[in-house]
Amino acid sequence: MENRLEQVKRLINNKEANERLIESGVIMLDPNSVWIDDRARIEPGVILYPGVIIEGECKIGKDCIIGPNSRLVNSEIGEGTEVAYSVLLDCTVGAFTNVGPFAYIRPHSKVGDHCKIGDFVEIKNSVLGDGTKASHLTYVGDSDVGKKVNFGCGTVTVNYDGTKKYRTVIEDNVFIGCNSNLVAPVVLKEGAYTAAGSTITDDVPAHSLGIARARQVNKEGWSKKL
């Protein structure tokens with residue numbers, strides 16, 4: 001396996017590789033600011049914005065848009081997918097999916113077709129089914145996620161107890177409320193919901209609502225006593 005220095009050396013003399021790709025139908029807004037490993041396979045119609053770095057044996061399908069300052073390493077991107085200001089490492093992203101801005105997809109992750117991985121979302125060692133959305137501020141680690149799942153803002157799969165890592169299973173059509181903690185190992189069955197602000201430690205049955213939060217108490221006139 002190549003070391004880091006050898007990988008970088010492949011990017012230094014990129015002018016000829018860029019010219020070949022442009023002749024094949026790849027569009028580069030500024031070829032001088034795009035660095036591409038000569039092992040990458042990029043199909044016609046792909047648009048590469050300034051600051052893009054493509055390392056290793058990447059595969060990028062036709063009509064993709066790789067937005068500014070994105071870095072892809074040994075990753076496969078399906079056709080029609082758009083990536084913006086994001087880092088993708090040793091992962092697979094399906095077709096017609098939106099990634100970013102500022103998303104981080106880590107090794108051993110697989111994202112399906114027609115998904116949305118939004119701003120400040122991190123995916124690690126997880127599988128996300130087609131049509132699943134994690135639009136912002138979410139961590140999905142060591143998880144098996146079905147189709148058409150919606151992650152509310154601030155969702156965390158709590159996968160590490162300080163000694164071991166555990167997996168979270170989320171079946172199809174699950175809706176996860178904002179600021180939910182899913183403490184693995186845990187299973188959310190098909191069509192389940194979690195209430196916003198819940199810390200889920202037990203399995204949620206199919207088509208059920210899981211609520212795990214303290215009840216609100218209002219102290220009348222409390223601030224006047226300060």
# chains A, B, ... in the order shown; residues from 1 in each chain; ligands from 1

$ residues_around --residues "Tyr104 in chain A" --least-positions-apart "2" --cutoff "10 Å" --atoms "only C-alpha atoms" --output "ChimeraX atom specification"
/A:71,85-89,99-102,106-107,117-124,139

$ closest_residue --among "A:Ala214, A:Asn14, A:Thr168, A:Gly152" --to "Ala196 in chain A" --atoms "only C-alpha atoms"
A:Gly152

$ select_by_dssp --residues "range 6-208 of chain A" --states "helix (DSSP H, G or I)" --output "PyMOL selection string"
chain A and resi 6-12+15-24+31-33

$ write_last_selection --atoms "N, CA and C atoms" --output "mmCIF file, in the first residue's frame"
data_model
loop_
_atom_site.group_PDB
_atom_site.id
_atom_site.type_symbol
_atom_site.label_atom_id
_atom_site.label_comp_id
_atom_site.auth_asym_id
_atom_site.auth_seq_id
_atom_site.Cartn_x
_atom_site.Cartn_y
_atom_site.Cartn_z
ATOM 1 N N GLU A 6 3.817 9.069 -1.194
ATOM 2 C CA GLU A 6 3.647 8.538 -2.546
ATOM 3 C C GLU A 6 2.301 8.951 -3.136
ATOM 4 N N GLN A 7 1.275 8.974 -2.294
ATOM 5 C CA GLN A 7 -0.046 9.389 -2.772
ATOM 6 C C GLN A 7 -0.039 10.851 -3.205
ATOM 7 N N VAL A 8 0.622 11.692 -2.413
ATOM 8 C CA VAL A 8 0.676 13.114 -2.748
ATOM 9 C C VAL A 8 1.465 13.348 -4.027
ATOM 10 N N LYS A 9 2.541 12.601 -4.229
ATOM 11 C CA LYS A 9 3.352 12.768 -5.430
ATOM 12 C C LYS A 9 2.531 12.543 -6.703
ATOM 13 N N ARG A 10 1.554 11.668 -6.615
ATOM 14 C CA ARG A 10 0.709 11.404 -7.781
ATOM 15 C C ARG A 10 -0.111 12.633 -8.177
ATOM 16 N N LEU A 11 -0.303 13.557 -7.254
ATOM 17 C CA LEU A 11 -1.132 14.724 -7.513
ATOM 18 C C LEU A 11 -0.334 15.911 -8.029
ATOM 19 N N ILE A 12 0.999 15.875 -7.854
ATOM 20 C CA ILE A 12 1.798 17.061 -8.154
ATOM 21 C C ILE A 12 1.771 17.410 -9.629
ATOM 22 N N LYS A 15 -1.176 18.246 -14.661
ATOM 23 C CA LYS A 15 -1.607 19.009 -15.825
ATOM 24 C C LYS A 15 -2.038 18.111 -16.973
ATOM 25 N N GLU A 16 -1.213 17.110 -17.304
ATOM 26 C CA GLU A 16 -1.549 16.221 -18.423
ATOM 27 C C GLU A 16 -2.812 15.418 -18.135
ATOM 28 N N ALA A 17 -2.951 14.934 -16.900
ATOM 29 C CA ALA A 17 -4.152 14.167 -16.546
ATOM 30 C C ALA A 17 -5.401 15.033 -16.680
ATOM 31 N N ASN A 18 -5.311 16.286 -16.251
ATOM 32 C CA ASN A 18 -6.448 17.189 -16.365
ATOM 33 C C ASN A 18 -6.813 17.451 -17.817
ATOM 34 N N GLU A 19 -5.810 17.632 -18.644
ATOM 35 C CA GLU A 19 -6.069 17.888 -20.062
ATOM 36 C C GLU A 19 -6.773 16.699 -20.716
ATOM 37 N N ARG A 20 -6.357 15.491 -20.363
ATOM 38 C CA ARG A 20 -7.013 14.296 -20.916
ATOM 39 C C ARG A 20 -8.474 14.225 -20.477
ATOM 40 N N LEU A 21 -8.723 14.545 -19.220
ATOM 41 C CA LEU A 21 -10.098 14.492 -18.730
ATOM 42 C C LEU A 21 -10.967 15.547 -19.401
ATOM 43 N N ILE A 22 -10.425 16.735 -19.605
ATOM 44 C CA ILE A 22 -11.181 17.797 -20.281
ATOM 45 C C ILE A 22 -11.524 17.382 -21.702
ATOM 46 N N GLU A 23 -10.584 16.756 -22.389
ATOM 47 C CA GLU A 23 -10.840 16.275 -23.752
ATOM 48 C C GLU A 23 -11.913 15.202 -23.783
ATOM 49 N N SER A 24 -12.057 14.447 -22.682
ATOM 50 C CA SER A 24 -13.062 13.380 -22.637
ATOM 51 C C SER A 24 -14.447 13.886 -22.259
ATOM 52 N N PRO A 31 -8.755 24.451 -14.156
ATOM 53 C CA PRO A 31 -7.910 23.250 -14.168
ATOM 54 C C PRO A 31 -6.654 23.387 -13.321
ATOM 55 N N ASN A 32 -6.152 24.603 -13.153
ATOM 56 C CA ASN A 32 -4.929 24.791 -12.384
ATOM 57 C C ASN A 32 -5.119 24.597 -10.886
ATOM 58 N N SER A 33 -6.371 24.585 -10.426
ATOM 59 C CA SER A 33 -6.627 24.426 -8.991
ATOM 60 C C SER A 33 -7.310 23.095 -8.668
#

$ select_by_dssp --residues "range 26-211 of chain A" --states "strand (DSSP E or B)" --output "mmCIF file with C-alpha atoms, in the first residue's frame"
data_model
loop_
_atom_site.group_PDB
_atom_site.id
_atom_site.type_symbol
_atom_site.label_atom_id
_atom_site.label_comp_id
_atom_site.auth_asym_id
_atom_site.auth_seq_id
_atom_site.Cartn_x
_atom_site.Cartn_y
_atom_site.Cartn_z
ATOM 1 C CA ILE A 27 -15.638 20.214 -17.087
ATOM 2 C CA MET A 28 -13.151 22.024 -14.836
ATOM 3 C CA TRP A 35 -5.654 17.883 -8.409
ATOM 4 C CA ILE A 36 -6.551 14.408 -9.644
ATOM 5 C CA ARG A 41 -12.050 7.275 -13.373
ATOM 6 C CA ILE A 42 -14.283 10.262 -14.081
ATOM 7 C CA ILE A 47 -18.221 19.342 -13.259
ATOM 8 C CA LEU A 48 -15.236 19.970 -10.977
ATOM 9 C CA ILE A 53 -8.724 16.989 -4.732
ATOM 10 C CA ILE A 54 -9.361 13.454 -5.977
ATOM 11 C CA GLU A 55 -6.974 10.828 -4.595
ATOM 12 C CA LYS A 59 -14.892 6.496 -9.562
ATOM 13 C CA ILE A 60 -17.233 9.386 -10.351
ATOM 14 C CA ILE A 65 -20.989 18.056 -9.550
ATOM 15 C CA ILE A 66 -17.999 18.067 -7.201
ATOM 16 C CA ARG A 71 -11.622 15.934 -1.132
ATOM 17 C CA LEU A 72 -12.394 12.410 -2.322
ATOM 18 C CA VAL A 73 -10.149 9.442 -1.507
ATOM 19 C CA GLU A 76 -17.192 5.784 -5.614
ATOM 20 C CA ILE A 77 -19.867 8.333 -6.512
ATOM 21 C CA GLU A 82 -23.548 16.598 -5.960
ATOM 22 C CA VAL A 83 -20.802 17.039 -3.366
ATOM 23 C CA VAL A 87 -14.555 15.027 2.618
ATOM 24 C CA LEU A 88 -15.262 11.459 1.472
ATOM 25 C CA LEU A 89 -12.860 8.677 2.455
ATOM 26 C CA THR A 92 -19.586 4.652 -1.630
ATOM 27 C CA VAL A 93 -22.289 7.216 -2.411
ATOM 28 C CA ASN A 98 -26.623 15.469 -2.230
ATOM 29 C CA VAL A 99 -23.616 15.621 0.092
ATOM 30 C CA TYR A 104 -17.680 14.023 6.399
ATOM 31 C CA ILE A 105 -18.202 10.460 5.151
ATOM 32 C CA LYS A 110 -22.300 3.245 2.010
ATOM 33 C CA VAL A 111 -24.924 5.880 1.208
ATOM 34 C CA LYS A 116 -29.259 13.850 1.543
ATOM 35 C CA ILE A 117 -26.208 14.154 3.761
ATOM 36 C CA GLY A 118 -26.272 17.804 4.787
ATOM 37 C CA ASP A 119 -24.151 20.338 6.611
ATOM 38 C CA PHE A 120 -22.019 19.160 9.540
ATOM 39 C CA VAL A 121 -23.131 15.543 9.196
ATOM 40 C CA GLU A 122 -20.657 12.728 9.853
ATOM 41 C CA ILE A 123 -21.175 9.160 8.651
ATOM 42 C CA LYS A 124 -18.840 6.433 9.939
ATOM 43 C CA VAL A 127 -25.027 1.866 5.642
ATOM 44 C CA LEU A 128 -27.834 4.279 4.698
ATOM 45 C CA LYS A 133 -31.979 12.130 4.876
ATOM 46 C CA ALA A 134 -29.654 13.528 7.522
ATOM 47 C CA SER A 135 -29.900 17.190 6.717
ATOM 48 C CA HIS A 136 -27.758 18.789 9.428
ATOM 49 C CA LEU A 137 -25.747 18.418 12.635
ATOM 50 C CA THR A 138 -25.947 14.640 12.906
ATOM 51 C CA TYR A 139 -23.562 11.777 13.692
ATOM 52 C CA VAL A 140 -24.329 8.312 12.318
ATOM 53 C CA GLY A 141 -21.726 5.793 13.450
ATOM 54 C CA SER A 143 -25.304 1.929 12.097
ATOM 55 C CA ASP A 144 -27.475 -0.024 9.672
ATOM 56 C CA VAL A 145 -30.097 2.396 8.388
ATOM 57 C CA ASN A 150 -35.351 11.023 8.466
ATOM 58 C CA PHE A 151 -32.720 12.127 10.976
ATOM 59 C CA VAL A 156 -26.417 11.130 17.598
ATOM 60 C CA THR A 157 -25.985 7.372 17.448
ATOM 61 C CA VAL A 158 -24.182 6.724 20.715
ATOM 62 C CA TYR A 160 -19.080 3.807 22.140
ATOM 63 C CA LYS A 165 -18.455 -0.066 20.046
ATOM 64 C CA THR A 168 -27.611 0.829 15.924
ATOM 65 C CA VAL A 169 -30.277 -0.642 13.627
ATOM 66 C CA ILE A 170 -32.866 1.703 12.122
ATOM 67 C CA PHE A 175 -38.579 9.398 11.829
ATOM 68 C CA ILE A 176 -36.038 10.511 14.424
ATOM 69 C CA ASN A 181 -29.579 10.125 21.330
ATOM 70 C CA LEU A 182 -29.794 6.516 20.162
ATOM 71 C CA VAL A 183 -27.742 4.508 22.659
ATOM 72 C CA VAL A 186 -30.644 -0.478 20.000
ATOM 73 C CA VAL A 187 -33.202 -1.180 17.252
ATOM 74 C CA LEU A 188 -35.832 1.192 15.876
ATOM 75 C CA TYR A 193 -40.800 7.698 15.706
ATOM 76 C CA THR A 194 -38.717 9.215 18.478
ATOM 77 C CA THR A 199 -32.374 9.484 24.843
ATOM 78 C CA ILE A 200 -33.420 6.090 23.505
ATOM 79 C CA VAL A 204 -38.776 1.062 19.756
ATOM 80 C CA LEU A 209 -43.438 6.655 19.381
ATOM 81 C CA GLY A 210 -40.466 6.444 21.720
#

$ closest_residue --among "A:Asp203, A:Ala84, A:Asp37, A:Gly191" --to "Gly51 in chain A" --atoms "only C-alpha atoms"
A:Ala84

$ atom_distance --atom1 "CA of Gly45 in chain A" --atom2 "CA of Thr132 in chain A"
25.9 Å

$ residues_around --residues "range 112-115 of chain A" --least-positions-apart "4" --cutoff "6 Å" --atoms "only C-alpha atoms" --output "compact mmCIF listing (two decimals) with C-alpha atoms, in the first residue's frame"
# COMPACT_ATOMS: atom_id res chain seq x y z
CA GLY A 94 -25.20 6.36 -4.69
CA ALA A 95 -26.82 8.22 -7.57
CA PHE A 96 -28.69 11.54 -7.38
CA THR A 97 -27.62 12.14 -3.79
CA LEU A 128 -27.83 4.28 4.70
CA GLY A 129 -30.66 3.08 2.47
CA ASP A 130 -32.17 4.88 -0.50
CA GLY A 131 -34.04 8.10 0.19
CA THR A 132 -32.66 8.57 3.71
CA LYS A 133 -31.98 12.13 4.88

$ atom_distance --atom1 "CA of His108 in chain A" --atom2 "CA of Ser180 in chain A"
23.9 Å

$ atom_distance --atom1 "CA of Val34 in chain A" --atom2 "CA of Asn69 in chain A"
9.1 Å

$ closest_residue --among "A:Asn173, A:Asn3, A:Asn218, A:Val52" --to "Lys147 in chain A" --atoms "only C-alpha atoms"
A:Asn173

$ decode --residues "range 87-108 of chain A" --atoms "N, CA and C atoms" --output "mmCIF file, in the first residue's frame"
data_model
loop_
_atom_site.group_PDB
_atom_site.id
_atom_site.type_symbol
_atom_site.label_atom_id
_atom_site.label_comp_id
_atom_site.auth_asym_id
_atom_site.auth_seq_id
_atom_site.Cartn_x
_atom_site.Cartn_y
_atom_site.Cartn_z
ATOM 1 N N VAL A 87 -15.626 16.012 2.655
ATOM 2 C CA VAL A 87 -14.555 15.027 2.618
ATOM 3 C C VAL A 87 -15.171 13.632 2.599
ATOM 4 N N LEU A 88 -14.763 12.825 1.609
ATOM 5 C CA LEU A 88 -15.262 11.459 1.472
ATOM 6 C C LEU A 88 -14.066 10.524 1.421
ATOM 7 N N LEU A 89 -13.997 9.579 2.349
ATOM 8 C CA LEU A 89 -12.860 8.677 2.455
ATOM 9 C C LEU A 89 -13.306 7.225 2.354
ATOM 10 N N ASP A 90 -12.806 6.504 1.363
ATOM 11 C CA ASP A 90 -13.037 5.058 1.255
ATOM 12 C C ASP A 90 -14.502 4.695 1.465
ATOM 13 N N CYS A 91 -15.361 5.362 0.736
ATOM 14 C CA CYS A 91 -16.800 5.151 0.903
ATOM 15 C C CYS A 91 -17.485 5.058 -0.456
ATOM 16 N N THR A 92 -18.767 4.725 -0.424
ATOM 17 C CA THR A 92 -19.586 4.652 -1.630
ATOM 18 C C THR A 92 -20.820 5.522 -1.436
ATOM 19 N N VAL A 93 -21.096 6.365 -2.424
ATOM 20 C CA VAL A 93 -22.289 7.216 -2.411
ATOM 21 C C VAL A 93 -23.072 6.931 -3.684
ATOM 22 N N GLY A 94 -24.374 6.740 -3.558
ATOM 23 C CA GLY A 94 -25.202 6.363 -4.690
ATOM 24 C C GLY A 94 -25.487 7.499 -5.650
ATOM 25 N N ALA A 95 -26.464 7.265 -6.520
ATOM 26 C CA ALA A 95 -26.824 8.222 -7.569
ATOM 27 C C ALA A 95 -27.825 9.253 -7.063
ATOM 28 N N PHE A 96 -27.732 10.451 -7.633
ATOM 29 C CA PHE A 96 -28.694 11.540 -7.376
ATOM 30 C C PHE A 96 -28.830 11.845 -5.881
ATOM 31 N N THR A 97 -27.698 11.839 -5.221
ATOM 32 C CA THR A 97 -27.622 12.140 -3.790
ATOM 33 C C THR A 97 -26.915 13.478 -3.603
ATOM 34 N N ASN A 98 -27.272 14.198 -2.547
ATOM 35 C CA ASN A 98 -26.623 15.469 -2.230
ATOM 36 C C ASN A 98 -25.796 15.307 -0.959
ATOM 37 N N VAL A 99 -24.527 15.710 -1.040
ATOM 38 C CA VAL A 99 -23.616 15.621 0.092
ATOM 39 C C VAL A 99 -23.056 17.009 0.384
ATOM 40 N N GLY A 100 -23.207 17.457 1.630
ATOM 41 C CA GLY A 100 -22.649 18.746 2.023
ATOM 42 C C GLY A 100 -23.667 19.863 1.952
ATOM 43 N N PRO A 101 -23.164 21.072 2.250
ATOM 44 C CA PRO A 101 -21.762 21.411 2.482
ATOM 45 C C PRO A 101 -21.268 20.950 3.852
ATOM 46 N N PHE A 102 -19.962 20.754 3.920
ATOM 47 C CA PHE A 102 -19.265 20.457 5.172
ATOM 48 C C PHE A 102 -19.697 19.128 5.785
ATOM 49 N N ALA A 103 -19.842 18.115 4.938
ATOM 50 C CA ALA A 103 -20.129 16.762 5.416
ATOM 51 C C ALA A 103 -18.838 15.948 5.441
ATOM 52 N N TYR A 104 -18.848 14.883 6.244
ATOM 53 C CA TYR A 104 -17.680 14.023 6.399
ATOM 54 C C TYR A 104 -18.165 12.579 6.362
ATOM 55 N N ILE A 105 -17.819 11.867 5.283
ATOM 56 C CA ILE A 105 -18.202 10.460 5.151
ATOM 57 C C ILE A 105 -16.936 9.628 5.276
ATOM 58 N N ARG A 106 -16.874 8.848 6.342
ATOM 59 C CA ARG A 106 -15.660 8.125 6.700
ATOM 60 C C ARG A 106 -15.656 6.696 6.141
ATOM 61 N N PRO A 107 -14.515 5.996 6.256
ATOM 62 C CA PRO A 107 -14.381 4.669 5.640
ATOM 63 C C PRO A 107 -15.456 3.678 6.054
ATOM 64 N N HIS A 108 -15.695 2.752 5.114
ATOM 65 C CA HIS A 108 -16.640 1.644 5.293
ATOM 66 C C HIS A 108 -18.076 2.135 5.412
#
